[in-house]
Each structure stands twice: as structure tokens, then as C-alpha cells.
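Structure file my_file03.csv (CSV, C-alpha atoms) follows.
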chain,number,residue,atom,x,y,z
A,1,MET,CA,123.0,45.4,81.5
A,2,HIS,CA,126.4,46.9,81.9
A,3,GLU,CA,129.1,46.5,84.5
A,4,LEU,CA,127.3,48.7,87.0
A,5,PHE,CA,125.5,45.6,88.3
A,6,HIS,CA,128.6,43.7,89.1
A,7,MET,CA,129.3,45.0,92.6
A,8,CYS,CA,126.0,44.0,94.1
A,9,THR,CA,124.8,40.5,94.9
A,10,ARG,CA,122.0,39.0,97.0
A,11,VAL,CA,124.6,37.3,99.3
A,12,ALA,CA,124.2,38.9,102.7
A,13,LEU,CA,125.9,38.3,106.1
A,14,LEU,CA,123.5,38.3,109.0
A,15,LEU,CA,124.8,40.3,112.0
A,16,GLY,CA,124.3,38.3,115.1
A,17,GLY,CA,121.9,39.7,117.7
A,18,ILE,CA,120.5,42.5,115.5
A,19,LEU,CA,117.4,40.8,114.1
A,20,LEU,CA,114.5,41.0,116.6
A,21,GLY,CA,111.8,38.5,116.8
A,22,THR,CA,111.4,35.4,114.5
A,23,THR,CA,113.4,35.6,111.3
A,24,VAL,CA,111.3,35.0,108.2
A,25,ALA,CA,113.0,32.8,105.6
A,26,SER,CA,114.3,34.7,102.6
A,27,ALA,CA,112.5,34.6,99.3
A,28,ALA,CA,115.3,32.7,97.8
A,29,THR,CA,115.8,30.1,100.6
A,30,PRO,CA,112.9,27.8,101.4
A,31,PRO,CA,112.4,27.4,105.2
A,32,LYS,CA,113.6,24.3,106.8
A,33,ALA,CA,111.0,21.8,107.9
A,34,ARG,CA,110.2,21.9,111.6
A,35,SER,CA,109.7,18.7,113.7
A,36,ARG,CA,106.8,20.4,115.7
A,37,PRO,CA,104.8,23.6,115.0
A,38,ARG,CA,105.6,26.7,116.9
A,39,ARG,CA,102.9,28.7,118.7
A,40,ALA,CA,102.0,31.7,116.6
A,41,ALA,CA,103.0,35.1,118.0
A,42,PRO,CA,100.2,37.6,118.6
A,43,VAL,CA,99.2,39.6,115.5
A,44,VAL,CA,98.8,42.8,117.5
A,45,ARG,CA,101.0,44.0,120.3
A,46,ALA,CA,98.9,46.3,122.4
A,47,LEU,CA,100.3,49.8,123.3
A,48,PRO,CA,99.0,52.6,125.4
A,49,CYS,CA,97.8,54.1,122.1
A,50,GLY,CA,97.5,51.9,119.0
A,51,ASP,CA,99.6,48.9,118.3
A,52,TYR,CA,102.9,48.2,116.4
A,53,LEU,CA,101.1,47.1,113.2
A,54,SER,CA,99.1,50.3,113.1
A,55,PHE,CA,102.1,52.4,113.8
A,56,GLN,CA,104.0,50.7,111.0
A,57,VAL,CA,101.2,51.2,108.5
A,58,LEU,CA,100.8,54.9,109.4
A,59,LEU,CA,104.5,55.5,109.0
A,60,ASP,CA,104.5,53.7,105.6
A,61,ARG,CA,101.6,55.8,104.4
A,62,GLN,CA,103.4,59.0,105.3
A,63,GLY,CA,106.7,58.1,103.6
A,64,PHE,CA,108.6,56.8,106.6
A,65,SER,CA,109.2,53.2,105.7
A,66,VAL,CA,109.9,50.5,108.4
A,67,GLY,CA,110.9,48.1,105.6
A,68,GLN,CA,109.0,44.9,106.0
A,69,ILE,CA,105.8,45.5,108.0
A,70,ASP,CA,105.7,42.7,110.7
A,71,GLY,CA,103.8,44.2,113.6
A,72,LYS,CA,106.8,44.0,115.9
A,73,PRO,CA,109.2,46.5,117.5
A,74,GLY,CA,112.7,46.7,116.0
A,75,VAL,CA,115.5,48.9,114.9
A,76,ASN,CA,113.9,49.8,111.5
A,77,PHE,CA,110.7,50.8,113.3
A,78,THR,CA,112.5,52.9,115.9
A,79,ARG,CA,114.5,54.8,113.3
A,80,ALA,CA,111.5,55.4,111.1
A,81,LEU,CA,109.4,56.7,114.0
A,82,ALA,CA,112.2,58.9,115.2
A,83,ALA,CA,112.6,60.4,111.7
A,84,ALA,CA,108.9,61.1,111.5
A,85,GLN,CA,109.0,62.7,114.9
A,86,ALA,CA,111.9,64.9,113.9
A,87,ALA,CA,110.1,65.9,110.7
A,88,ARG,CA,107.2,67.2,112.8
A,89,ASN,CA,109.6,69.1,115.1
A,90,ALA,CA,108.9,66.7,118.0
A,91,LYS,CA,111.4,65.0,120.2
A,92,ALA,CA,112.9,62.1,118.2
A,93,THR,CA,112.5,59.4,120.8
A,94,GLY,CA,111.5,56.6,118.5
A,95,THR,CA,109.2,55.5,121.3
A,96,ALA,CA,105.7,54.3,120.3
A,97,ASP,CA,103.8,56.3,122.9
A,98,CYS,CA,100.6,58.3,122.8
A,99,ASP,CA,102.3,61.5,121.7
A,100,ALA,CA,103.8,59.7,118.7
A,101,TRP,CA,100.4,58.1,117.9
A,102,LYS,CA,98.8,61.6,118.0
A,103,ALA,CA,101.6,63.1,115.8
A,104,LEU,CA,100.9,60.4,113.2
A,105,GLY,CA,97.2,61.1,113.2
A,106,GLY,CA,96.5,57.7,114.6
A,107,GLY,CA,93.2,58.7,116.2
A,108,ASN,CA,91.8,60.1,113.0
A,109,SER,CA,93.2,57.8,110.4
A,110,GLU,CA,91.5,55.3,108.1
A,111,PRO,CA,91.7,51.7,109.3
A,112,THR,CA,95.2,50.4,109.2
A,113,THR,CA,94.2,47.0,107.8
A,114,ALA,CA,92.3,46.4,104.6
A,115,THR,CA,90.5,43.6,102.9
A,116,TYR,CA,91.9,42.2,99.7
A,117,THR,CA,90.1,39.6,97.5
A,118,LEU,CA,92.5,37.0,96.0
A,119,THR,CA,92.2,36.6,92.2
A,120,GLN,CA,93.1,33.7,89.9
A,121,ALA,CA,96.0,35.7,88.7
A,122,ASP,CA,97.4,35.9,92.2
A,123,LEU,CA,97.4,32.1,92.4
A,124,LYS,CA,98.6,31.4,88.8
A,125,GLY,CA,101.9,33.1,89.0
A,126,PRO,CA,104.2,32.4,87.2
A,127,PHE,CA,106.2,31.2,90.3
A,128,GLU,CA,109.7,29.8,90.6
A,129,LYS,CA,109.3,27.4,93.4
A,130,LEU,CA,112.9,26.5,93.8
A,131,ILE,CA,115.6,29.3,93.5
A,132,PRO,CA,119.1,27.9,93.9
A,133,ARG,CA,121.6,29.6,96.2
A,134,THR,CA,124.4,29.9,93.6
A,135,LEU,CA,124.3,32.6,91.0
A,136,ALA,CA,125.5,30.1,88.3
A,137,GLU,CA,122.4,27.9,88.9
A,138,GLN,CA,120.1,31.0,89.1
A,139,ALA,CA,121.4,32.0,85.6
A,140,LYS,CA,119.7,28.8,84.2
A,141,LEU,CA,116.2,30.0,85.3
A,142,PRO,CA,114.0,31.8,82.7
A,143,ALA,CA,113.1,34.4,85.3
A,144,LEU,CA,113.5,35.2,89.0
A,145,ASP,CA,109.9,35.3,89.9
A,146,TYR,CA,108.2,35.0,93.3
A,147,GLN,CA,108.3,31.5,94.8
A,148,SER,CA,104.7,31.4,96.0
A,149,PRO,CA,101.4,33.3,96.1
A,150,ILE,CA,101.9,34.3,99.7
A,151,GLU,CA,105.3,35.7,99.0
A,152,ALA,CA,103.8,37.8,96.2
A,153,ILE,CA,100.9,39.0,98.3
A,154,ALA,CA,103.1,39.9,101.2
A,155,GLU,CA,105.4,42.0,99.1
A,156,ARG,CA,102.5,43.7,97.4
A,157,PHE,CA,101.4,45.0,100.8
A,158,HIS,CA,104.9,45.6,102.2
A,159,ALA,CA,104.6,42.9,104.7
A,160,SER,CA,106.4,39.8,105.9
A,161,PRO,CA,104.7,36.5,104.8
A,162,ALA,CA,104.5,35.6,108.5
A,163,LEU,CA,102.3,38.7,109.2
A,164,ILE,CA,99.9,37.8,106.3
A,165,GLN,CA,99.6,34.3,107.9
A,166,GLN,CA,99.0,35.8,111.4
A,167,LEU,CA,96.4,38.2,110.1
A,168,ASN,CA,94.6,35.3,108.4
A,169,PRO,CA,94.7,32.2,110.7
A,170,GLY,CA,94.4,28.9,108.8
A,171,LEU,CA,94.9,30.8,105.5
A,172,ARG,CA,94.1,28.9,102.4
A,173,MET,CA,94.9,30.7,99.2
A,174,ALA,CA,91.9,30.5,96.9
A,175,ALA,CA,90.4,32.8,94.2
A,176,GLY,CA,87.6,34.9,95.6
A,177,LYS,CA,88.7,34.6,99.2
A,178,GLU,CA,89.0,37.8,101.2
A,179,ILE,CA,92.1,38.3,103.3
A,180,ARG,CA,93.3,41.0,105.7
A,181,VAL,CA,96.4,42.9,104.7
A,182,PRO,CA,98.2,46.1,105.8
A,183,GLY,CA,96.3,49.2,104.5
A,184,VAL,CA,99.2,50.6,102.3
A,185,THR,CA,99.5,51.5,98.7
A,186,PRO,CA,100.0,48.2,96.9
A,187,PHE,CA,103.3,47.5,95.2
A,188,ASP,CA,103.2,46.1,91.6
A,189,PRO,CA,106.5,44.5,90.5
A,190,ALA,CA,105.3,44.5,86.9
A,191,SER,CA,104.6,48.2,86.6
A,192,LYS,CA,107.3,50.7,86.1
A,193,PRO,CA,106.8,53.6,88.6
A,194,ALA,CA,105.9,56.9,87.1
A,195,SER,CA,107.4,60.2,88.4
A,196,ASP,CA,105.4,61.2,91.4
A,197,GLY,CA,105.8,65.0,90.8
A,198,ALA,CA,107.6,65.6,94.1
A,199,GLY,CA,110.1,68.0,92.4
A,200,ASP,CA,113.8,68.0,92.7
A,201,VAL,CA,115.1,66.0,95.6
A,202,THR,CA,118.5,65.1,97.2
A,203,ILE,CA,119.3,61.6,98.3
A,204,ALA,CA,121.3,61.0,101.4
A,205,VAL,CA,122.4,57.6,102.6
A,206,SER,CA,123.8,57.1,106.2
A,207,ARG,CA,125.8,54.0,106.8
A,208,ASP,CA,125.7,54.5,110.6
A,209,GLU,CA,121.9,54.9,110.6
A,210,SER,CA,121.3,52.3,107.8
A,211,ALA,CA,118.8,54.7,106.3
A,212,LEU,CA,118.1,56.7,103.1
A,213,ARG,CA,116.4,60.1,103.0
A,214,ALA,CA,115.0,61.8,99.9
A,215,THR,CA,114.6,65.5,100.7
A,216,ARG,CA,113.3,68.5,98.9
A,217,ALA,CA,115.2,71.8,98.9
A,218,ASP,CA,113.1,73.2,101.7
A,219,GLY,CA,114.1,70.2,103.9
A,220,THR,CA,110.9,68.3,103.6
A,221,ILE,CA,111.5,64.5,103.7
A,222,VAL,CA,109.7,62.8,100.8
A,223,LEU,CA,110.9,59.3,101.6
A,224,PHE,CA,112.7,57.8,104.6
A,225,ALA,CA,113.6,54.1,104.2
A,226,PRO,CA,115.9,51.5,105.8
A,227,VAL,CA,118.8,50.3,103.7
A,228,THR,CA,121.6,47.8,103.7
A,229,THR,CA,125.0,49.3,102.8
A,230,GLY,CA,128.6,48.1,102.5
A,231,SER,CA,130.5,45.7,104.6
A,232,GLU,CA,134.0,45.7,106.1
A,233,HIS,CA,135.3,44.4,102.8
A,234,ASP,CA,133.2,46.7,100.6
A,235,PRO,CA,132.5,49.8,102.8
A,236,LEU,CA,130.1,52.5,101.5
A,237,PRO,CA,132.5,55.1,100.1
A,238,PRO,CA,131.6,58.6,101.5
A,239,GLY,CA,131.2,61.3,98.9
A,240,ASP,CA,128.8,63.2,96.6
A,241,PHE,CA,127.6,61.5,93.4
A,242,LYS,CA,124.7,61.8,90.9
A,243,VAL,CA,122.1,59.5,89.5
A,244,THR,CA,123.0,58.6,85.9
A,245,GLY,CA,119.9,56.4,85.0
A,246,VAL,CA,117.2,54.2,86.2
A,247,SER,CA,116.7,50.6,84.9
A,248,TRP,CA,113.4,48.8,85.6
A,249,ARG,CA,113.4,45.0,86.0
A,250,PRO,CA,117.1,44.7,85.1
A,251,VAL,CA,119.1,41.6,84.5
A,252,PHE,CA,122.1,41.0,86.7
A,253,HIS,CA,125.6,40.3,85.4
A,254,TYR,CA,127.7,38.5,87.9
A,255,ASN,CA,131.5,38.9,87.5
A,256,PRO,CA,133.4,36.9,90.2
A,257,ASP,CA,136.5,39.1,89.6
A,258,LEU,CA,134.8,41.9,91.4
A,259,PHE,CA,133.8,40.0,94.5
A,260,TRP,CA,136.2,39.4,97.4
A,261,ASP,CA,134.2,36.3,98.5
A,262,ALA,CA,133.9,34.7,95.0
A,263,LYS,CA,134.6,31.0,95.0
A,264,ALA,CA,137.3,29.3,93.0
A,265,GLY,CA,135.8,28.2,89.7
A,266,ASP,CA,133.1,30.8,89.7
A,267,THR,CA,132.4,32.1,86.2
A,268,LYS,CA,130.5,35.1,84.8
A,269,ALA,CA,126.7,34.6,84.8
A,270,THR,CA,123.7,36.6,83.7
A,271,ILE,CA,120.6,36.3,85.9
A,272,LYS,CA,117.2,37.1,84.4
A,273,ALA,CA,114.9,39.8,85.6
A,274,GLY,CA,112.3,39.4,88.4
A,275,PRO,CA,111.5,40.4,92.0
A,276,ASN,CA,113.9,37.7,93.2
A,277,ASN,CA,116.7,39.0,91.0
A,278,PRO,CA,119.9,39.8,93.0
A,279,VAL,CA,119.1,43.6,92.5
A,280,GLY,CA,115.4,43.3,92.8
A,281,VAL,CA,113.1,45.2,90.4
A,282,VAL,CA,115.1,48.4,89.9
A,283,TRP,CA,118.6,49.6,89.5
A,284,ILE,CA,119.4,53.3,90.0
A,285,ALA,CA,122.8,53.8,88.5
A,286,LEU,CA,125.3,56.4,90.0
A,287,SER,CA,128.2,58.4,88.8
A,288,LEU,CA,130.3,56.1,91.1
A,289,GLU,CA,131.4,53.2,89.0
A,290,HIS,CA,129.9,49.8,89.9
A,291,TYR,CA,127.6,51.3,92.6
A,292,GLY,CA,123.9,51.8,92.6
A,293,LEU,CA,120.7,52.0,94.7
A,294,HIS,CA,118.5,48.9,94.1
A,295,GLY,CA,115.9,46.4,95.3
A,296,THR,CA,116.4,43.0,96.9
A,297,PRO,CA,115.0,39.5,96.9
A,298,GLU,CA,115.3,39.5,100.7
A,299,PRO,CA,113.2,42.3,102.2
A,300,GLY,CA,113.4,40.9,105.7
A,301,HIS,CA,117.2,41.5,105.8
A,302,ILE,CA,117.1,45.2,104.9
A,303,GLY,CA,118.6,47.2,107.7
A,304,HIS,CA,120.1,44.1,109.4
A,305,THR,CA,122.7,42.8,106.9
A,306,GLU,CA,125.7,43.8,104.9
A,307,SER,CA,126.1,44.1,101.1
A,308,HIS,CA,128.9,44.3,98.5
A,309,GLY,CA,129.1,48.1,98.7
A,310,CYS,CA,125.8,49.0,97.1
A,311,VAL,CA,122.7,50.4,98.7
A,312,ARG,CA,119.8,47.9,98.9
A,313,LEU,CA,116.2,48.7,99.8
A,314,THR,CA,113.0,46.6,99.8
A,315,ASN,CA,111.6,46.3,96.3
A,316,TRP,CA,108.6,48.6,97.1
A,317,ASP,CA,110.9,51.3,98.6
A,318,ALA,CA,113.3,51.0,95.7
A,319,ALA,CA,110.3,51.6,93.3
A,320,ARG,CA,109.2,54.6,95.4
A,321,LEU,CA,112.7,56.0,95.2
A,322,ALA,CA,112.9,55.4,91.4
A,323,ALA,CA,109.8,57.6,91.0
A,324,LEU,CA,111.6,60.4,92.8
A,325,VAL,CA,114.9,60.5,91.0
A,326,LYS,CA,116.2,61.3,87.5
A,327,PRO,CA,119.6,61.7,85.9
A,328,GLY,CA,121.4,64.4,87.8
A,329,THR,CA,119.7,63.9,91.2
A,330,PRO,CA,122.4,64.4,93.8
A,331,VAL,CA,123.3,61.4,96.0
A,332,HIS,CA,125.4,61.8,99.2
A,333,PHE,CA,127.0,58.9,101.0
A,334,GLN,CA,128.0,59.4,104.6
For this file, write the structure as C-alpha cells.
Amino acid sequence: MHELFHMCTRVALLLGGILLGTTVASAATPPKARSRPRRAAPVVRALPCGDYLSFQVLLDRQGFSVGQIDGKPGVNFTRALAAAQAARNAKATGTADCDAWKALGGGNSEPTTATYTLTQADLKGPFEKLIPRTLAEQAKLPALDYQSPIEAIAERFHASPALIQQLNPGLRMAAGKEIRVPGVTPFDPASKPASDGAGDVTIAVSRDESALRATRADGTIVLFAPVTTGSEHDPLPPGDFKVTGVSWRPVFHYNPDLFWDAKAGDTKATIKAGPNNPVGVVWIALSLEHYGLHGTPEPGHIGHTESHGCVRLTNWDAARLAALVKPGTPVHFQ
């Protein structure tokens, strides 16, 4: 791919105190061994109406993404719920109360969890069990695939691996086994998204809100999703731009000359395609040189971290966005 990929990497800086609950290890960083097991958190947090998992699934189904579904409260959930409330001309409280549950159709919805039967293909992979931290070492891999079956299943159903494990205590991955998953439209990292026929949309990205909106001319929100934007060193530049193209399963060209935090001795490197590629499964190029909208190998960090100037979404939200845009789609950064 061309230079447009150079400004975005998978290196993220966690902002202290922002992440709520237990942090799930990133797809590219195997979790550290623990000396003793931790007691599992409850799968469902009871609310006056519904529960957090059901709220998150209903929001996702209606185009208001919380990012990684984890069954917990958090800033991504609050923002998505507030956006959904505002879209329904209700007070945008972001509070998971009975009024919000009713507005989302919680009492009349299909079950918010579903049963999925594992296949041999789910277990076969291919998987890349060890993904190095450095881009130079990643460039030696034949592909940037998932590291494990549970990571692949979790991403397919927009969930954290921890949630899949909590929904299925004592989970053993075996072909033919039925497991519980969030009841959302499955994401397929191997299938290029087709246009969804939503018509012309405008994309707006808010750095303060860490959110992206795709909106029709009549003001209808087609997609709301949490994003990670620029940092102090690479702030998101405000302005109006346009989509110039969409690349599915791109390779990533690393150029250390374009990164403020590049290490001495770093050299240019080309990282192969895959869901754990530094820009995920899709790159949406913009008329702003070196900038784009793209996926990520670390969905649990979206909305909570900083980037090298570009706009990162979960892979499933990036794929949904790719189905909405085309060359010429307006993009506004604020």
C-alpha cells in the first residue's frame, strides 16, 4: 500500500484511570501468567430493567456501538446510550434506566444472547500464536491472523474474550459444541463488506467525545461508534475532508521517519494483512495526506487510548463504516 498507512500504528498509550473494570489483554500481547486465579466477575449486572449486556446488544443492533461488548458500564456504553436517546428525541442521560430500556425496545426484543455451534474451521485457524511487539519482527510473519479460537469468536460477535468465557463457564473449544454469544450480526474478517444501501452519508469525528457518527442528509444516524483519535504529539487536525478510497485487508507500511516515538535504528517494514494488522481489516483513505479511518488489533482499547493521529475503530465497526462510505463521502474532524 502507499504512504497513507504510515501515520497509524498499533502502538497505543493507555490513559490512567479511564479504563473501567478488568482490562482484557490485547490481541497482540499474550496475558501474563497469574500466580492464583481471580474470581470471575458476574456475567450479568442486574438493572431495574434489563442488564448491561442486553443494553449493549440492543445498542449494537440499532447502530449505536459500544465498541467491545463486555457486559459492564463504561464511558463507551454511556456515550452510545446517550446518542441513541438523543436520536429518539429523549433526554440524553446515558443512564441505563427503565425509560432507556423502553426506548430501545428492550421489552419486545429478540433474546440478546444466541447459541453458536463451533466448527472445525473455527478451531483450525490459521492462528498466529505469538505476535511480537515490534513492527520489525511482525514484518517477518506471513500474516497477522488471530492468536486463538476464542479471540476469533469474540471478535466475530463484537465481544471481549473475557465475556465469552464468562458466558460459557469452563469453556472448552471443540467442534460441535454450542456456546452462548451476544446476539449481534456476526463479523467476518475474510469477507469484504458490500454497500448497505444507506444512501449518501456524512462522517463526523469528535475528538472530545471519542466518537464517530455517520449521518444521512435528514439527520438520521446510521452508525455511532467509539473511536481512538490523535494524541498530544499527533492531534486530530480539525477540518473538512473527503474519502478517497477503501482498501480491504491492507498491508501496513511502517516508516519510522513519520513517527515521533520511533526508536533509533528502526527501519522501514511491511506488515502483512490480517485482523491483527496495525490498521486492522480495512483502511479508509482520506484527502488529508497520511490520515485515514481504520480498524485495530486491540478492540478493548478503542475509546480509551491515543493514536498517531488517525481514527481507529474496532474491526467490526470499521467494516460497517466501509459499507457506508465511497470516494467523495464528506468527513469532518472536530
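Note that the spacing between atom CA of A:Ser54 and atom CA of A:Thr113 amounts to 7.9 Å.
Nearest to A:Pro299 of all the residues A:Ile284, A:Ile179, A:Ala159, A:Val243 is A:Ala159, based on all atoms listed in the file.
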Exercise for the section: Find the spatial neighbours of A:Ala198, counting all atoms listed in the file, within a cut-off of 12 Å - ignore same-chain residues fewer than 6 positions away - and output them as an NGL selection string. Expected result: :A and (214-217 or 220-223 or 320-326)
Write to file, as a PDB file, keeping the file's coordinate frame, the residues of the selection just made, with C-alpha atoms.
ATOM      1  CA  ALA A 214     115.000  61.800  99.900  1.00  0.00           C
ATOM      2  CA  THR A 215     114.600  65.500 100.700  1.00  0.00           C
ATOM      3  CA  ARG A 216     113.300  68.500  98.900  1.00  0.00           C
ATOM      4  CA  ALA A 217     115.200  71.800  98.900  1.00  0.00           C
ATOM      5  CA  THR A 220     110.900  68.300 103.600  1.00  0.00           C
ATOM      6  CA  ILE A 221     111.500  64.500 103.700  1.00  0.00           C
ATOM      7  CA  VAL A 222     109.700  62.800 100.800  1.00  0.00           C
ATOM      8  CA  LEU A 223     110.900  59.300 101.600  1.00  0.00           C
ATOM      9  CA  ARG A 320     109.200  54.600  95.400  1.00  0.00           C
ATOM     10  CA  LEU A 321     112.700  56.000  95.200  1.00  0.00           C
ATOM     11  CA  ALA A 322     112.900  55.400  91.400  1.00  0.00           C
ATOM     12  CA  ALA A 323     109.800  57.600  91.000  1.00  0.00           C
ATOM     13  CA  LEU A 324     111.600  60.400  92.800  1.00  0.00           C
ATOM     14  CA  VAL A 325     114.900  60.500  91.000  1.00  0.00           C
ATOM     15  CA  LYS A 326     116.200  61.300  87.500  1.00  0.00           C
TER      16      LYS A 326
END
Compile the contact shell of A:Ile150 as a PDB file with C-alpha atoms, keeping the file's coordinate frame: residues with an atom at most 12 Å away, counting all atoms listed in the file, same-chain residues fewer than 2 positions apart removed.
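Writing done, so here's selection02.pdb:
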ATOM      1  CA  ALA A  27     112.500  34.600  99.300  1.00  0.00           C
ATOM      2  CA  LEU A 118      92.500  37.000  96.000  1.00  0.00           C
ATOM      3  CA  ASP A 122      97.400  35.900  92.200  1.00  0.00           C
ATOM      4  CA  LEU A 123      97.400  32.100  92.400  1.00  0.00           C
ATOM      5  CA  LYS A 124      98.600  31.400  88.800  1.00  0.00           C
ATOM      6  CA  GLY A 125     101.900  33.100  89.000  1.00  0.00           C
ATOM      7  CA  PHE A 127     106.200  31.200  90.300  1.00  0.00           C
ATOM      8  CA  LYS A 129     109.300  27.400  93.400  1.00  0.00           C
ATOM      9  CA  TYR A 146     108.200  35.000  93.300  1.00  0.00           C
ATOM     10  CA  GLN A 147     108.300  31.500  94.800  1.00  0.00           C
ATOM     11  CA  SER A 148     104.700  31.400  96.000  1.00  0.00           C
ATOM     12  CA  ALA A 152     103.800  37.800  96.200  1.00  0.00           C
ATOM     13  CA  ILE A 153     100.900  39.000  98.300  1.00  0.00           C
ATOM     14  CA  ALA A 154     103.100  39.900 101.200  1.00  0.00           C
ATOM     15  CA  GLU A 155     105.400  42.000  99.100  1.00  0.00           C
ATOM     16  CA  ARG A 156     102.500  43.700  97.400  1.00  0.00           C
ATOM     17  CA  PHE A 157     101.400  45.000 100.800  1.00  0.00           C
ATOM     18  CA  HIS A 158     104.900  45.600 102.200  1.00  0.00           C
ATOM     19  CA  ALA A 159     104.600  42.900 104.700  1.00  0.00           C
ATOM     20  CA  SER A 160     106.400  39.800 105.900  1.00  0.00           C
ATOM     21  CA  PRO A 161     104.700  36.500 104.800  1.00  0.00           C
ATOM     22  CA  ALA A 162     104.500  35.600 108.500  1.00  0.00           C
ATOM     23  CA  LEU A 163     102.300  38.700 109.200  1.00  0.00           C
ATOM     24  CA  ILE A 164      99.900  37.800 106.300  1.00  0.00           C
ATOM     25  CA  GLN A 165      99.600  34.300 107.900  1.00  0.00           C
ATOM     26  CA  ASN A 168      94.600  35.300 108.400  1.00  0.00           C
ATOM     27  CA  LEU A 171      94.900  30.800 105.500  1.00  0.00           C
ATOM     28  CA  ARG A 172      94.100  28.900 102.400  1.00  0.00           C
ATOM     29  CA  MET A 173      94.900  30.700  99.200  1.00  0.00           C
ATOM     30  CA  ALA A 174      91.900  30.500  96.900  1.00  0.00           C
ATOM     31  CA  ILE A 179      92.100  38.300 103.300  1.00  0.00           C
ATOM     32  CA  VAL A 181      96.400  42.900 104.700  1.00  0.00           C
TER      33      VAL A 181
END
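Within 10 Å of the point (120.0, 33.4, 91.2) in file coordinates, and counting all atoms listed in the file, lie the residues Thr9, Arg10, Ala28, Ile131, Pro132, Arg133, Thr134, Leu135, Ala136, Glu137, Gln138, Ala139, Lys140, Leu141, Ala143, Leu144, Phe252, Tyr254, Ala269, Thr270, Ile271, Lys272, Ala273, Asn276, Asn277, Pro278 and Pro297 of chain A.
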Mind dumping the selected residues with C-alpha atoms as a PDB file, in the coordinates of the input?
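Produced file out_20.pdb, reproduced below:
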ATOM      1  CA  THR A   9     124.800  40.500  94.900  1.00  0.00           C
ATOM      2  CA  ARG A  10     122.000  39.000  97.000  1.00  0.00           C
ATOM      3  CA  ALA A  28     115.300  32.700  97.800  1.00  0.00           C
ATOM      4  CA  ILE A 131     115.600  29.300  93.500  1.00  0.00           C
ATOM      5  CA  PRO A 132     119.100  27.900  93.900  1.00  0.00           C
ATOM      6  CA  ARG A 133     121.600  29.600  96.200  1.00  0.00           C
ATOM      7  CA  THR A 134     124.400  29.900  93.600  1.00  0.00           C
ATOM      8  CA  LEU A 135     124.300  32.600  91.000  1.00  0.00           C
ATOM      9  CA  ALA A 136     125.500  30.100  88.300  1.00  0.00           C
ATOM     10  CA  GLU A 137     122.400  27.900  88.900  1.00  0.00           C
ATOM     11  CA  GLN A 138     120.100  31.000  89.100  1.00  0.00           C
ATOM     12  CA  ALA A 139     121.400  32.000  85.600  1.00  0.00           C
ATOM     13  CA  LYS A 140     119.700  28.800  84.200  1.00  0.00           C
ATOM     14  CA  LEU A 141     116.200  30.000  85.300  1.00  0.00           C
ATOM     15  CA  ALA A 143     113.100  34.400  85.300  1.00  0.00           C
ATOM     16  CA  LEU A 144     113.500  35.200  89.000  1.00  0.00           C
ATOM     17  CA  PHE A 252     122.100  41.000  86.700  1.00  0.00           C
ATOM     18  CA  TYR A 254     127.700  38.500  87.900  1.00  0.00           C
ATOM     19  CA  ALA A 269     126.700  34.600  84.800  1.00  0.00           C
ATOM     20  CA  THR A 270     123.700  36.600  83.700  1.00  0.00           C
ATOM     21  CA  ILE A 271     120.600  36.300  85.900  1.00  0.00           C
ATOM     22  CA  LYS A 272     117.200  37.100  84.400  1.00  0.00           C
ATOM     23  CA  ALA A 273     114.900  39.800  85.600  1.00  0.00           C
ATOM     24  CA  ASN A 276     113.900  37.700  93.200  1.00  0.00           C
ATOM     25  CA  ASN A 277     116.700  39.000  91.000  1.00  0.00           C
ATOM     26  CA  PRO A 278     119.900  39.800  93.000  1.00  0.00           C
ATOM     27  CA  PRO A 297     115.000  39.500  96.900  1.00  0.00           C
TER      28      PRO A 297
END
Exercise for the section: Could you jot down the atom CA of A:Leu104 to atom CA of A:Pro169 separation for me, Å, one decimal place? Expected result: 29.0 Å
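Here atom CA of A:Pro193 is placed at a distance of 14.6 Å from atom CA of A:Thr314.
Distance check against A:Cys98 using all atoms listed in the file: of A:Gly219, A:Gly328, A:Gly71, A:Pro48, the minimum falls on A:Pro48.
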Exercise for the section: Compare A:Gly106, A:Gln68, A:Cys49, A:Ile203 by their minimum atom-to-atom distance to A:Thr296, counting all atoms listed in the file, and give me the closest one. Expected result: A:Gln68
Fill in the blank from the handout: Of A:Gly170, A:Gly280, A:Gly50, A:Pro73, the one nearest to A:Trp101 when counting all atoms listed in the file is A:Gly50
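Minimum distance to A:Gln85 across A:Asp99, A:Glu209, A:Lys72, A:Asp218 (counting only C-alpha atoms) occurs at A:Asp99.
Using all atoms listed in the file, the smallest distance between any of A:Phe77, A:Trp283, A:Tyr52, A:Phe224 and A:Val205 comes from A:Phe224.
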